[in-house]
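In what follows, a structure is listed as structure tokens, so that the remarks can point back to it.
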Amino acid sequence: ATILEEYIAKHPGSAQRYAEATQIFPGGVTHDNRYAQPFPLYITHGTGPCKWDVDGHEYIDYVSGHGALILGHSHPAIAAAVSEQIYRGTHLGACTDEELRWAKAIMALMPSVERVRFHSSGTEATLMAMRLARAYTGKNKIIKLQDHFHGWHDYAMAGSDRPAPGIPQESWGSMVIVPSGDLGAVEDALNRDSDIAAIILEPTGAHYGQLPFDTPNYLKGLRDLTHQNGVVLIFDEVVTGFRASPGGAQVLYDVEPDLTTMAKIVAGALPGGAVGGKAEIVDMIAHRGDPEWDNRERVYHPGTFNGNPLSAVAGSVCLEMIASQPINQRADAMANRLKLGLNEVLGKMEVAGHAHGVASMIHLVLADCDCDRGICTMPHNEIKAAIGSPAVTALKRSMQNNGIDIMGRDSFLVSSTHTEIEIDKTLSAVEMSLAEVRA
Ligand code: PLP
């Protein structure tokens, strides 16, 4: 049987549910990343590094809740904290000890965070970071790097290489798109335009390092340029926060941004986001009753679920574990074993390809690169072409047939619950899948 025939034969329960879903959801799915042909998998539950589908198959999971699950699925400490909180109230309509504990856990890990504001998602966090930067500087434009992802609000989607119906031209008009990793391009943009409020980027490269750059030099260069020009430097650490290192990419590379956006791990894999950073910038937020309310320079930010107690306890438990236990070390060590193993398998099978990545974010590219397997030096258009190839889609389907589920088409997000056993099973499965794709 072909890979596709095997996929269809193995997953009748998923096929049946997807047929129903196409009559309910646009495209049959609830997130772009879950769209798959002929149908996506329907998952019932997960524990640690594994999850199970409706047809009873087990998967070693590298989607890791879109990066949120550094502690694996349903970690007992998170499950206990959330269950307990449910009985104390899911929304107390008030200030709580839980939000204080949560913010202090963030501040303990990220020294650049002097003030915090909570949201319900990463998209909201990047929207607020941009608004704060605009209000703080009195300027309008934001530099965004090509291919960097900051959620789905109108400004975040600027620079997309496809039409974007529904987004007013004016919002994109306030965004300046520059190539990722090119300091000269940022310098030129700043020289050309005196109306730049901020630059926002993913600090390990687009899609948590799928399209990496020369990280330490680039980030330090950006820090210098933004200081010289009075521009707010925003690190979008929605994925890299508490994953690239306990203090995120900013601590790993020792470059302090003015603002940081967070989500995913920050909320212990519950819905939640935050913007944190310099007090004088985050303090631009004002409230009704506040003497600053009538000051037109101030920023408004309501939000029913800001700092909600369920996300607060899940986030606090998760971040406190990251601070006190070798969570990142374990995930990084297993990711490194995976990266070395993938490169070994590719070499042994003489398949053109390589695995690269930092910390627990590993990317598999079916094209050769002479990089050191740490920071890949391939041109971004070549990586994108390799990841977009039909062979990669076939490989993903085959890996799913063989019990491995990865994020998107190239990413392995490793948790502290993946052990040598899962990594070695993964390597055997990838070897089998590479052989099937080649056949
Ligand atoms: N920023 C980055 C770097 C992300 O990867 C994502 C989501 O994957 C977002 C922002 C948006 O976060 P959310 O999906 O919580 O809105």
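Following the order of the structure tokens, first chain is A, next is B, and so on, with residues numbered from 1 inside each chain and ligands from 1 in the order they appear.
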
Point to revise | Selection: 7 Å around segment 292-306 of chain A, only C-alpha atoms, excl. self and same-chain fewer than 6 positions, as a VMD selection string | key: chain A and resid 118 to 120 132 135 284 to 286

Based on the selection just made, write C-alpha atoms of those residues as an mmCIF file, in the first residue's frame.
data_model
loop_
_atom_site.group_PDB
_atom_site.id
_atom_site.type_symbol
_atom_site.label_atom_id
_atom_site.label_comp_id
_atom_site.auth_asym_id
_atom_site.auth_seq_id
_atom_site.Cartn_x
_atom_site.Cartn_y
_atom_site.Cartn_z
ATOM 1 C CA PHE A 118 -1.877 39.629 31.140
ATOM 2 C CA HIS A 119 -3.908 38.711 28.065
ATOM 3 C CA SER A 120 -5.662 35.602 26.760
ATOM 4 C CA LEU A 132 2.369 50.393 23.846
ATOM 5 C CA ALA A 135 1.951 55.284 22.497
ATOM 6 C CA MET A 284 1.442 53.607 29.600
ATOM 7 C CA ILE A 285 -1.649 51.479 30.301
ATOM 8 C CA ALA A 286 -4.187 53.552 32.252
#

Find the residues near ligand 1. Use a cut-off of 8 Å, count only C-alpha atoms and all ligand atoms, and write them as a tab-separated table (two decimals) with N, CA and C atoms, in the first residue's frame.
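Result saved to selection.tsv:
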chain	number	residue	atom	x	y	z
A	66	HIS	N	1.36	23.07	20.24
A	66	HIS	CA	1.91	24.22	19.51
A	66	HIS	C	3.07	24.86	20.30
A	67	GLY	N	3.77	24.06	21.06
A	67	GLY	CA	4.92	24.58	21.81
A	67	GLY	C	4.63	24.87	23.27
A	120	SER	N	-5.18	36.98	26.92
A	120	SER	CA	-5.66	35.60	26.76
A	120	SER	C	-4.94	34.84	25.67
A	121	SER	N	-4.07	35.50	24.91
A	121	SER	CA	-3.37	34.80	23.83
A	121	SER	C	-2.13	35.58	23.43
A	122	GLY	N	-1.29	34.93	22.61
A	122	GLY	CA	-0.11	35.59	22.08
A	122	GLY	C	-0.46	36.70	21.10
A	123	THR	N	-1.54	36.48	20.34
A	123	THR	CA	-1.99	37.50	19.39
A	123	THR	C	-2.30	38.81	20.13
A	124	GLU	N	-3.01	38.69	21.24
A	124	GLU	CA	-3.32	39.89	22.02
A	124	GLU	C	-2.06	40.53	22.58
A	125	ALA	N	-1.10	39.69	22.97
A	125	ALA	CA	0.13	40.23	23.56
A	125	ALA	C	0.91	41.04	22.54
A	126	THR	N	1.01	40.54	21.29
A	126	THR	CA	1.78	41.30	20.29
A	126	THR	C	1.03	42.56	19.88
A	148	HIS	N	8.34	36.33	9.96
A	148	HIS	CA	8.17	36.14	11.41
A	148	HIS	C	6.68	36.16	11.74
A	149	PHE	N	6.32	35.28	12.67
A	149	PHE	CA	4.90	35.10	12.99
A	149	PHE	C	4.57	35.70	14.35
A	150	HIS	N	3.55	36.56	14.37
A	150	HIS	CA	3.18	37.19	15.64
A	150	HIS	C	1.68	37.09	15.91
A	151	GLY	N	1.06	36.04	15.36
A	151	GLY	CA	-0.38	35.86	15.57
A	151	GLY	C	-1.17	36.38	14.37
A	152	TRP	N	-2.45	36.61	14.57
A	152	TRP	CA	-3.31	36.83	13.40
A	152	TRP	C	-4.00	38.20	13.37
A	202	GLU	N	10.84	37.43	16.24
A	202	GLU	CA	11.07	36.20	16.99
A	202	GLU	C	12.59	36.07	17.16
A	206	ALA	N	12.44	33.23	12.32
A	206	ALA	CA	11.02	32.98	12.07
A	206	ALA	C	10.63	31.57	12.47
A	207	HIS	N	9.42	31.43	13.01
A	207	HIS	CA	8.88	30.13	13.41
A	207	HIS	C	9.85	29.39	14.33
A	208	TYR	N	10.18	30.08	15.43
A	208	TYR	CA	11.08	29.53	16.45
A	208	TYR	C	12.31	28.84	15.87
A	236	ASP	N	9.34	38.78	20.54
A	236	ASP	CA	8.16	37.92	20.64
A	236	ASP	C	8.64	36.55	21.10
A	237	GLU	N	8.48	36.31	22.39
A	237	GLU	CA	8.95	35.05	22.98
A	237	GLU	C	7.77	34.11	23.28
A	238	VAL	N	6.75	34.18	22.43
A	238	VAL	CA	5.57	33.32	22.64
A	238	VAL	C	5.98	31.84	22.63
A	239	VAL	N	6.90	31.47	21.73
A	239	VAL	CA	7.37	30.08	21.72
A	239	VAL	C	8.69	29.95	22.50
A	240	THR	N	9.61	30.88	22.28
A	240	THR	CA	10.96	30.73	22.85
A	240	THR	C	10.99	31.04	24.35
A	261	THR	N	6.80	39.66	24.49
A	261	THR	CA	5.46	39.06	24.44
A	261	THR	C	5.57	37.57	24.75
A	262	MET	N	4.60	37.08	25.50
A	262	MET	CA	4.62	35.68	25.96
A	262	MET	C	3.24	35.06	25.78
A	263	ALA	N	3.21	33.74	25.65
A	263	ALA	CA	1.97	32.94	25.67
A	263	ALA	C	2.43	31.49	25.79
A	264	LYS	N	1.54	30.56	25.58
A	264	LYS	CA	1.88	29.12	25.60
A	264	LYS	C	2.46	28.67	26.94
A	271	PRO	N	-4.98	28.72	27.97
A	271	PRO	CA	-5.00	29.97	27.21
A	271	PRO	C	-4.45	31.10	28.07
A	272	GLY	N	-3.60	31.91	27.48
A	272	GLY	CA	-3.07	33.03	28.26
A	272	GLY	C	-1.89	33.64	27.56
A	273	GLY	N	-1.69	34.93	27.80
A	273	GLY	CA	-0.55	35.61	27.22
A	273	GLY	C	-0.17	36.75	28.14

**Study point:** Residues within 12 Å of Arg192 of chain A, only C-alpha atoms, excluding chain neighbours under 5 positions, as an MDAnalysis selection string
**Key:** chainID A and resid 176 185:187 229

**Study point:** Contacts of Lys139 of chain A within 7 Å, only C-alpha atoms, excl. fewer than 3 positions in-chain, as a PyMOL selection string
**Key:** chain A and resi 134+195-197

Could you save the residues just selected, with C-alpha atoms, as an mmCIF file, in the first residue's frame?
data_model
loop_
_atom_site.group_PDB
_atom_site.id
_atom_site.type_symbol
_atom_site.label_atom_id
_atom_site.label_comp_id
_atom_site.auth_asym_id
_atom_site.auth_seq_id
_atom_site.Cartn_x
_atom_site.Cartn_y
_atom_site.Cartn_z
ATOM 1 C CA ARG A 134 3.375 53.462 19.472
ATOM 2 C CA ASP A 195 8.216 57.527 12.202
ATOM 3 C CA ILE A 196 9.335 54.081 13.488
ATOM 4 C CA ALA A 197 8.084 53.196 16.973
#

Review point. Which neighbours of segment 159-170 of chain A fall inside 9 Å, counting only C-alpha atoms, when residues of the same chain fewer than 6 positions from it are skipped, and could you give them as a ChimeraX atom specification?
Key: /A:144-148,153,176-178

Write a file of the selected residues as a short mmCIF file (atom, residue, chain, number, x, y, z; two decimals), in the first residue's frame, keeping C-alpha atoms.
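Contents of the output file out-v6.cif:
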data_model
loop_
_atom_site.label_atom_id
_atom_site.label_comp_id
_atom_site.auth_asym_id
_atom_site.auth_seq_id
_atom_site.Cartn_x
_atom_site.Cartn_y
_atom_site.Cartn_z
CA LYS A 144 8.46 43.51 11.23
CA LEU A 145 10.77 40.85 9.82
CA GLN A 146 9.75 38.89 6.74
CA ASP A 147 8.18 35.51 7.65
CA HIS A 148 8.17 36.14 11.41
CA HIS A 153 -4.27 40.45 14.15
CA VAL A 176 7.64 48.19 7.48
CA ILE A 177 8.75 44.73 6.37
CA VAL A 178 12.48 43.97 6.22
#

Practice item. For Val414 of chain A, list every protein, DNA or RNA residue within 12 Å, evaluated using only C-alpha atoms, and leave out those in the same chain fewer than 4 positions away; present the list as an MDAnalysis selection string. Key: chainID A and resid 48:50 60:73 243:244 327:339 357:363 405:407 418:420 422:423 426

Take the residues that were just selected and, keeping C-alpha atoms, output them as a PDB file, in the first residue's frame.
ATOM      1  CA  GLY A  48       3.580  13.032  29.100  1.00  0.00           C
ATOM      2  CA  PRO A  49       5.153  12.774  25.623  1.00  0.00           C
ATOM      3  CA  CYS A  50       2.346  10.637  24.133  1.00  0.00           C
ATOM      4  CA  ILE A  60       4.944  10.298  20.334  1.00  0.00           C
ATOM      5  CA  ASP A  61       3.956  13.942  20.255  1.00  0.00           C
ATOM      6  CA  TYR A  62       6.240  16.721  19.036  1.00  0.00           C
ATOM      7  CA  VAL A  63       3.446  19.209  18.344  1.00  0.00           C
ATOM      8  CA  SER A  64       3.578  19.721  22.101  1.00  0.00           C
ATOM      9  CA  GLY A  65       0.460  21.881  22.180  1.00  0.00           C
ATOM     10  CA  HIS A  66       1.910  24.218  19.508  1.00  0.00           C
ATOM     11  CA  GLY A  67       4.924  24.578  21.810  1.00  0.00           C
ATOM     12  CA  ALA A  68       2.969  25.141  25.026  1.00  0.00           C
ATOM     13  CA  LEU A  69       3.706  21.752  26.591  1.00  0.00           C
ATOM     14  CA  ILE A  70       7.249  21.917  27.918  1.00  0.00           C
ATOM     15  CA  LEU A  71       6.020  19.661  30.771  1.00  0.00           C
ATOM     16  CA  GLY A  72       4.301  17.212  28.427  1.00  0.00           C
ATOM     17  CA  HIS A  73       0.590  16.421  28.372  1.00  0.00           C
ATOM     18  CA  ARG A 243      11.946  27.202  26.275  1.00  0.00           C
ATOM     19  CA  ALA A 244      15.100  28.618  24.614  1.00  0.00           C
ATOM     20  CA  ILE A 327      13.063  21.036  33.080  1.00  0.00           C
ATOM     21  CA  ASN A 328      14.867  22.857  30.282  1.00  0.00           C
ATOM     22  CA  GLN A 329      18.036  20.812  30.694  1.00  0.00           C
ATOM     23  CA  ARG A 330      16.047  17.588  30.296  1.00  0.00           C
ATOM     24  CA  ALA A 331      14.155  18.815  27.241  1.00  0.00           C
ATOM     25  CA  ASP A 332      17.328  20.229  25.677  1.00  0.00           C
ATOM     26  CA  ALA A 333      19.285  17.019  26.267  1.00  0.00           C
ATOM     27  CA  MET A 334      16.580  14.909  24.624  1.00  0.00           C
ATOM     28  CA  ALA A 335      16.278  17.394  21.749  1.00  0.00           C
ATOM     29  CA  ASN A 336      20.019  17.193  21.234  1.00  0.00           C
ATOM     30  CA  ARG A 337      19.873  13.393  21.180  1.00  0.00           C
ATOM     31  CA  LEU A 338      17.086  13.678  18.594  1.00  0.00           C
ATOM     32  CA  LYS A 339      19.035  16.190  16.482  1.00  0.00           C
ATOM     33  CA  GLY A 357      17.877  23.892  16.042  1.00  0.00           C
ATOM     34  CA  VAL A 358      18.543  25.338  19.481  1.00  0.00           C
ATOM     35  CA  ALA A 359      17.370  24.145  22.887  1.00  0.00           C
ATOM     36  CA  SER A 360      14.249  21.965  22.504  1.00  0.00           C
ATOM     37  CA  MET A 361      13.203  23.281  19.056  1.00  0.00           C
ATOM     38  CA  ILE A 362      14.478  20.963  16.304  1.00  0.00           C
ATOM     39  CA  HIS A 363      13.843  21.349  12.566  1.00  0.00           C
ATOM     40  CA  ASP A 405       3.283  13.567  15.170  1.00  0.00           C
ATOM     41  CA  ILE A 406       5.339  16.701  14.479  1.00  0.00           C
ATOM     42  CA  MET A 407       4.474  20.407  14.505  1.00  0.00           C
ATOM     43  CA  HIS A 418      10.382  12.790  26.371  1.00  0.00           C
ATOM     44  CA  THR A 419      12.989  10.208  27.407  1.00  0.00           C
ATOM     45  CA  GLU A 420      15.670   8.218  25.565  1.00  0.00           C
ATOM     46  CA  GLU A 422      10.740   7.992  22.946  1.00  0.00           C
ATOM     47  CA  ILE A 423      13.668   9.602  21.156  1.00  0.00           C
ATOM     48  CA  THR A 426      11.254   8.276  17.009  1.00  0.00           C
TER      49      THR A 426
END

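Of the residues in segment 105-177 of chain A, those that DSSP places in alpha helix (DSSP H) on the basis of the backbone are Ala105, Ile106, Met107, Ala108, Leu109, Gly122, Thr123, Glu124, Ala125, Thr126, Leu127, Met128, Ala129, Met130, Arg131, Leu132, Ala133, Arg134, Ala135, Tyr136, Thr137, Gln169, Glu170, Ser171, Trp172 and Gly173 of chain A.
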
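Once segment 387-396 of chain A and its same-chain neighbours fewer than 6 positions away are set aside, Ile3, Leu4, Val365, Leu366, Asp405, Ile406, Arg409, Asp410, Ser433, Leu434 and Val437 of chain A remain within 8 Å of it when counting only C-alpha atoms.
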